Amino acid sequence: MQITEIFFSIQGESTYTGRPCVFVRTTACNLRCTWCDSEYTFTGGVKMTLDEVMSRVESYPCKLVEITGGEPMLQEKEVIELSRRLIERGYQVMLETSGERDLAHVPSPVVKIVDVKCPGSGEGGTFRISNLHTLRPHDEVKFVVANREDYDFTRDFIRVHDLRARVNAVNLAPVFGSLHPRELAEWILADGLDARLGLQIHKFIWDPLARGV
């Protein structure tokens with residue numbers, strides 16, 4: 001696998017916010033979101049065998065692991081095998097992905113955190129609609145919202161596709177440093193939207209530009 005970093009930190013997003021978590025961050029992404037906060041994953045990284053990745057993960061005192069990127073599903077074969085090995089060792093596994101790649105073969109115990117891209121990302125329309133059928137009740141969907149247009153897109157997408165009936169949670173996060181969380185909160189309340197407001201708490205704990213957290 002091509003790996004940018006493996007580190008132990010506090011989960012900053014999703015319903016797992018606040019929990020200690022081991023992050024396996026893969027290298028490479030085929031999307032270029034305007035607000036991306038992990039551009040350093042686009043190139044570089046180091047080649048690691050699955051055994052080496054497992055060894056690093058097992059060196060931390062934690063059974064929650066998130067595979068993220070970049071876009072992990074660009075290394076689908078390796079990510080699926082890593083997920084299987086982790087599950088066999090008793091780990092709870094999360095996979096953060098844009099949903100642009102097919103998710104049909106992701107092992108069912110994996111908690112998929114699917115980041116549907118809004119228009120303001122510059123990558124709107126890249127989500128693979130067929131992936132809606134791969135979602136399980138323990139999965140989550142995330143929308144990163146830059147402005148009112150993004151929010152309207154998100155609200156309509158949630159309702160048209162009945163997301164709350166499909167997944168454990170629908171998470172809305174304002175673009176850090178761009179959209180004030182209060183605005184997003186007020187829009188959610190005004191519409192009575194059944195969704196969670198997420199604030200990327202790791203960016204409040206540490207420097208927002210810090211890596212390895």
# chains A, B, ... in the order shown; residues from 1 in each chain; ligands from 1
>>> select_by_dssp(residues="stretch 72-154 of chain A", states="strand (DSSP E)", output="list in words")
Gln92, Val93, Met94, Leu95, Glu96, Thr97, Val111, Lys112, Ile113, Val114, Asp115, Glu140, Val141, Lys142, Phe143, Val144 and Val145 of chain A
>>> write_last_selection(atoms="N, CA and C atoms", output="PDB file, in the first residue's frame")
ATOM      1  N   GLN A  92     -12.647  -2.405  15.239  1.00  0.00           N
ATOM      2  CA  GLN A  92     -13.781  -1.731  14.612  1.00  0.00           C
ATOM      3  C   GLN A  92     -13.191  -0.826  13.534  1.00  0.00           C
ATOM      4  N   VAL A  93     -13.648  -0.986  12.305  1.00  0.00           N
ATOM      5  CA  VAL A  93     -13.019  -0.318  11.173  1.00  0.00           C
ATOM      6  C   VAL A  93     -13.975   0.681  10.535  1.00  0.00           C
ATOM      7  N   MET A  94     -13.451   1.879  10.283  1.00  0.00           N
ATOM      8  CA  MET A  94     -14.183   2.918   9.571  1.00  0.00           C
ATOM      9  C   MET A  94     -13.442   3.204   8.264  1.00  0.00           C
ATOM     10  N   LEU A  95     -14.194   3.519   7.232  1.00  0.00           N
ATOM     11  CA  LEU A  95     -13.613   3.873   5.931  1.00  0.00           C
ATOM     12  C   LEU A  95     -14.198   5.196   5.480  1.00  0.00           C
ATOM     13  N   GLU A  96     -13.338   6.210   5.346  1.00  0.00           N
ATOM     14  CA  GLU A  96     -13.812   7.505   4.856  1.00  0.00           C
ATOM     15  C   GLU A  96     -13.515   7.597   3.366  1.00  0.00           C
ATOM     16  N   THR A  97     -14.560   7.856   2.581  1.00  0.00           N
ATOM     17  CA  THR A  97     -14.439   7.842   1.131  1.00  0.00           C
ATOM     18  C   THR A  97     -15.402   8.839   0.518  1.00  0.00           C
ATOM     19  N   VAL A 111     -17.629   0.401   8.857  1.00  0.00           N
ATOM     20  CA  VAL A 111     -18.493   1.580   8.908  1.00  0.00           C
ATOM     21  C   VAL A 111     -18.024   2.545   7.827  1.00  0.00           C
ATOM     22  N   LYS A 112     -18.826   2.700   6.801  1.00  0.00           N
ATOM     23  CA  LYS A 112     -18.468   3.608   5.706  1.00  0.00           C
ATOM     24  C   LYS A 112     -18.918   5.025   6.069  1.00  0.00           C
ATOM     25  N   ILE A 113     -17.989   5.972   5.982  1.00  0.00           N
ATOM     26  CA  ILE A 113     -18.301   7.393   6.147  1.00  0.00           C
ATOM     27  C   ILE A 113     -18.168   7.984   4.739  1.00  0.00           C
ATOM     28  N   VAL A 114     -19.297   8.203   4.093  1.00  0.00           N
ATOM     29  CA  VAL A 114     -19.285   8.593   2.679  1.00  0.00           C
ATOM     30  C   VAL A 114     -19.480  10.101   2.562  1.00  0.00           C
ATOM     31  N   ASP A 115     -18.501  10.763   1.976  1.00  0.00           N
ATOM     32  CA  ASP A 115     -18.477  12.222   1.862  1.00  0.00           C
ATOM     33  C   ASP A 115     -19.017  12.632   0.485  1.00  0.00           C
ATOM     34  N   GLU A 140     -22.540   6.072   7.667  1.00  0.00           N
ATOM     35  CA  GLU A 140     -22.842   7.499   7.811  1.00  0.00           C
ATOM     36  C   GLU A 140     -22.546   8.213   6.499  1.00  0.00           C
ATOM     37  N   VAL A 141     -23.248   9.317   6.293  1.00  0.00           N
ATOM     38  CA  VAL A 141     -23.004  10.155   5.112  1.00  0.00           C
ATOM     39  C   VAL A 141     -22.631  11.552   5.603  1.00  0.00           C
ATOM     40  N   LYS A 142     -21.663  12.159   4.929  1.00  0.00           N
ATOM     41  CA  LYS A 142     -21.175  13.476   5.325  1.00  0.00           C
ATOM     42  C   LYS A 142     -21.264  14.442   4.156  1.00  0.00           C
ATOM     43  N   PHE A 143     -21.592  15.687   4.468  1.00  0.00           N
ATOM     44  CA  PHE A 143     -21.583  16.773   3.484  1.00  0.00           C
ATOM     45  C   PHE A 143     -20.751  17.916   4.067  1.00  0.00           C
ATOM     46  N   VAL A 144     -19.764  18.385   3.314  1.00  0.00           N
ATOM     47  CA  VAL A 144     -18.990  19.557   3.720  1.00  0.00           C
ATOM     48  C   VAL A 144     -19.596  20.759   3.002  1.00  0.00           C
ATOM     49  N   VAL A 145     -20.084  21.710   3.789  1.00  0.00           N
ATOM     50  CA  VAL A 145     -20.910  22.803   3.278  1.00  0.00           C
ATOM     51  C   VAL A 145     -20.125  24.113   3.275  1.00  0.00           C
TER      52      VAL A 145
END
>>> select_by_dssp(residues="stretch 15-138 of chain A", states="helix (DSSP H, G or I)", output="PyMOL selection string")
chain A and resi 39-41+50-58+72-88+119-121+129-134
>>> write_last_selection(atoms="C-alpha atoms", output="short mmCIF file (atom, residue, chain, number, x, y, z; two decimals), in the first residue's frame")
data_model
loop_
_atom_site.label_atom_id
_atom_site.label_comp_id
_atom_site.auth_asym_id
_atom_site.auth_seq_id
_atom_site.Cartn_x
_atom_site.Cartn_y
_atom_site.Cartn_z
CA GLU A 39 -3.44 18.09 -0.24
CA TYR A 40 -0.19 16.63 1.12
CA THR A 41 -1.72 13.19 0.47
CA LEU A 50 -0.09 -5.07 4.71
CA ASP A 51 1.93 -6.79 7.43
CA GLU A 52 3.82 -3.55 8.07
CA VAL A 53 0.58 -1.55 8.24
CA MET A 54 -0.92 -4.08 10.65
CA SER A 55 2.18 -3.95 12.84
CA ARG A 56 1.99 -0.16 13.09
CA VAL A 57 -1.73 -0.21 13.88
CA GLU A 58 -1.26 -2.88 16.54
CA PRO A 72 -8.55 4.99 0.02
CA MET A 73 -10.62 3.25 -2.64
CA LEU A 74 -7.99 4.05 -5.27
CA GLN A 75 -6.22 1.13 -3.57
CA GLU A 76 -9.36 -0.97 -3.36
CA LYS A 77 -7.75 -4.41 -3.28
CA GLU A 78 -5.34 -3.49 -0.49
CA VAL A 79 -7.93 -1.54 1.52
CA ILE A 80 -10.40 -4.41 1.43
CA GLU A 81 -7.77 -6.92 2.51
CA LEU A 82 -6.55 -4.61 5.29
CA SER A 83 -10.13 -4.16 6.48
CA ARG A 84 -10.65 -7.92 6.60
CA ARG A 85 -7.46 -8.47 8.58
CA LEU A 86 -8.37 -5.75 11.07
CA ILE A 87 -11.86 -7.14 11.55
CA GLU A 88 -10.44 -10.63 12.13
CA PRO A 119 -21.23 22.04 -5.66
CA GLY A 120 -18.91 24.38 -3.74
CA SER A 121 -16.25 21.68 -3.58
CA ILE A 129 -25.53 7.05 -6.97
CA SER A 130 -25.41 3.24 -7.09
CA ASN A 131 -23.41 3.41 -3.84
CA LEU A 132 -26.63 4.33 -2.04
CA HIS A 133 -27.54 0.65 -2.30
CA THR A 134 -24.33 -0.34 -0.51
#
>>> residues_around(residues="stretch 149-165 of chain A", least_positions_apart="2", cutoff="8 Å", atoms="only C-alpha atoms", output="VMD selection string")
chain A and resid 118 to 120 143 145 to 147 167 to 170 184 187 193 to 194
>>> closest_atom_pairs(of="stretch 58-109 of chain A", to="stretch 15-30 of chain A", cutoff="7 Å", atoms="only C-alpha atoms", output="JSON lines")
{"residue": "A:Cys62", "atom": "CA", "partner": "A:Cys21", "partner_atom": "CA", "distance": 6.4}
{"residue": "A:Leu64", "atom": "CA", "partner": "A:Cys21", "partner_atom": "CA", "distance": 5.1}
{"residue": "A:Val65", "atom": "CA", "partner": "A:Val22", "partner_atom": "CA", "distance": 4.7}
{"residue": "A:Glu66", "atom": "CA", "partner": "A:Phe23", "partner_atom": "CA", "distance": 4.9}
{"residue": "A:Ile67", "atom": "CA", "partner": "A:Val24", "partner_atom": "CA", "distance": 4.8}
{"residue": "A:Thr68", "atom": "CA", "partner": "A:Arg25", "partner_atom": "CA", "distance": 4.8}
{"residue": "A:Gly69", "atom": "CA", "partner": "A:Thr26", "partner_atom": "CA", "distance": 4.6}
{"residue": "A:Gly70", "atom": "CA", "partner": "A:Cys29", "partner_atom": "CA", "distance": 4.6}
{"residue": "A:Glu71", "atom": "CA", "partner": "A:Cys29", "partner_atom": "CA", "distance": 4.8}
{"residue": "A:Pro72", "atom": "CA", "partner": "A:Thr26", "partner_atom": "CA", "distance": 5.7}
>>> atom_distance(atom1="atom CA of A:Ala185", atom2="atom CA of A:Asp139")
22.7 Å
>>> residues_around(residues="A:Asn171", least_positions_apart="2", cutoff="6 Å", atoms="only C-alpha atoms", output="list of chain:residue names")
A:Lys142, A:Ala195, A:Arg196, A:Leu197
>>> write_last_selection(atoms="C-alpha atoms", output="JSON list (two decimals), in the first residue's frame")
[["chain", "number", "residue", "atom", "x", "y", "z"],
["A", 142, "LYS", "CA", -21.17, 13.48, 5.32],
["A", 195, "ALA", "CA", -28.95, 15.78, 10.59],
["A", 196, "ARG", "CA", -25.92, 16.30, 12.83],
["A", 197, "LEU", "CA", -23.70, 19.40, 12.85]]
>>> closest_residue(among="A:Gly212, A:Gly122, A:Pro181, A:Gly198", to="A:Cys36", atoms="only C-alpha atoms")
A:Gly122
>>> atom_distance(atom1="atom CA of A:Ser98", atom2="atom CA of A:Ile3")
17.9 Å
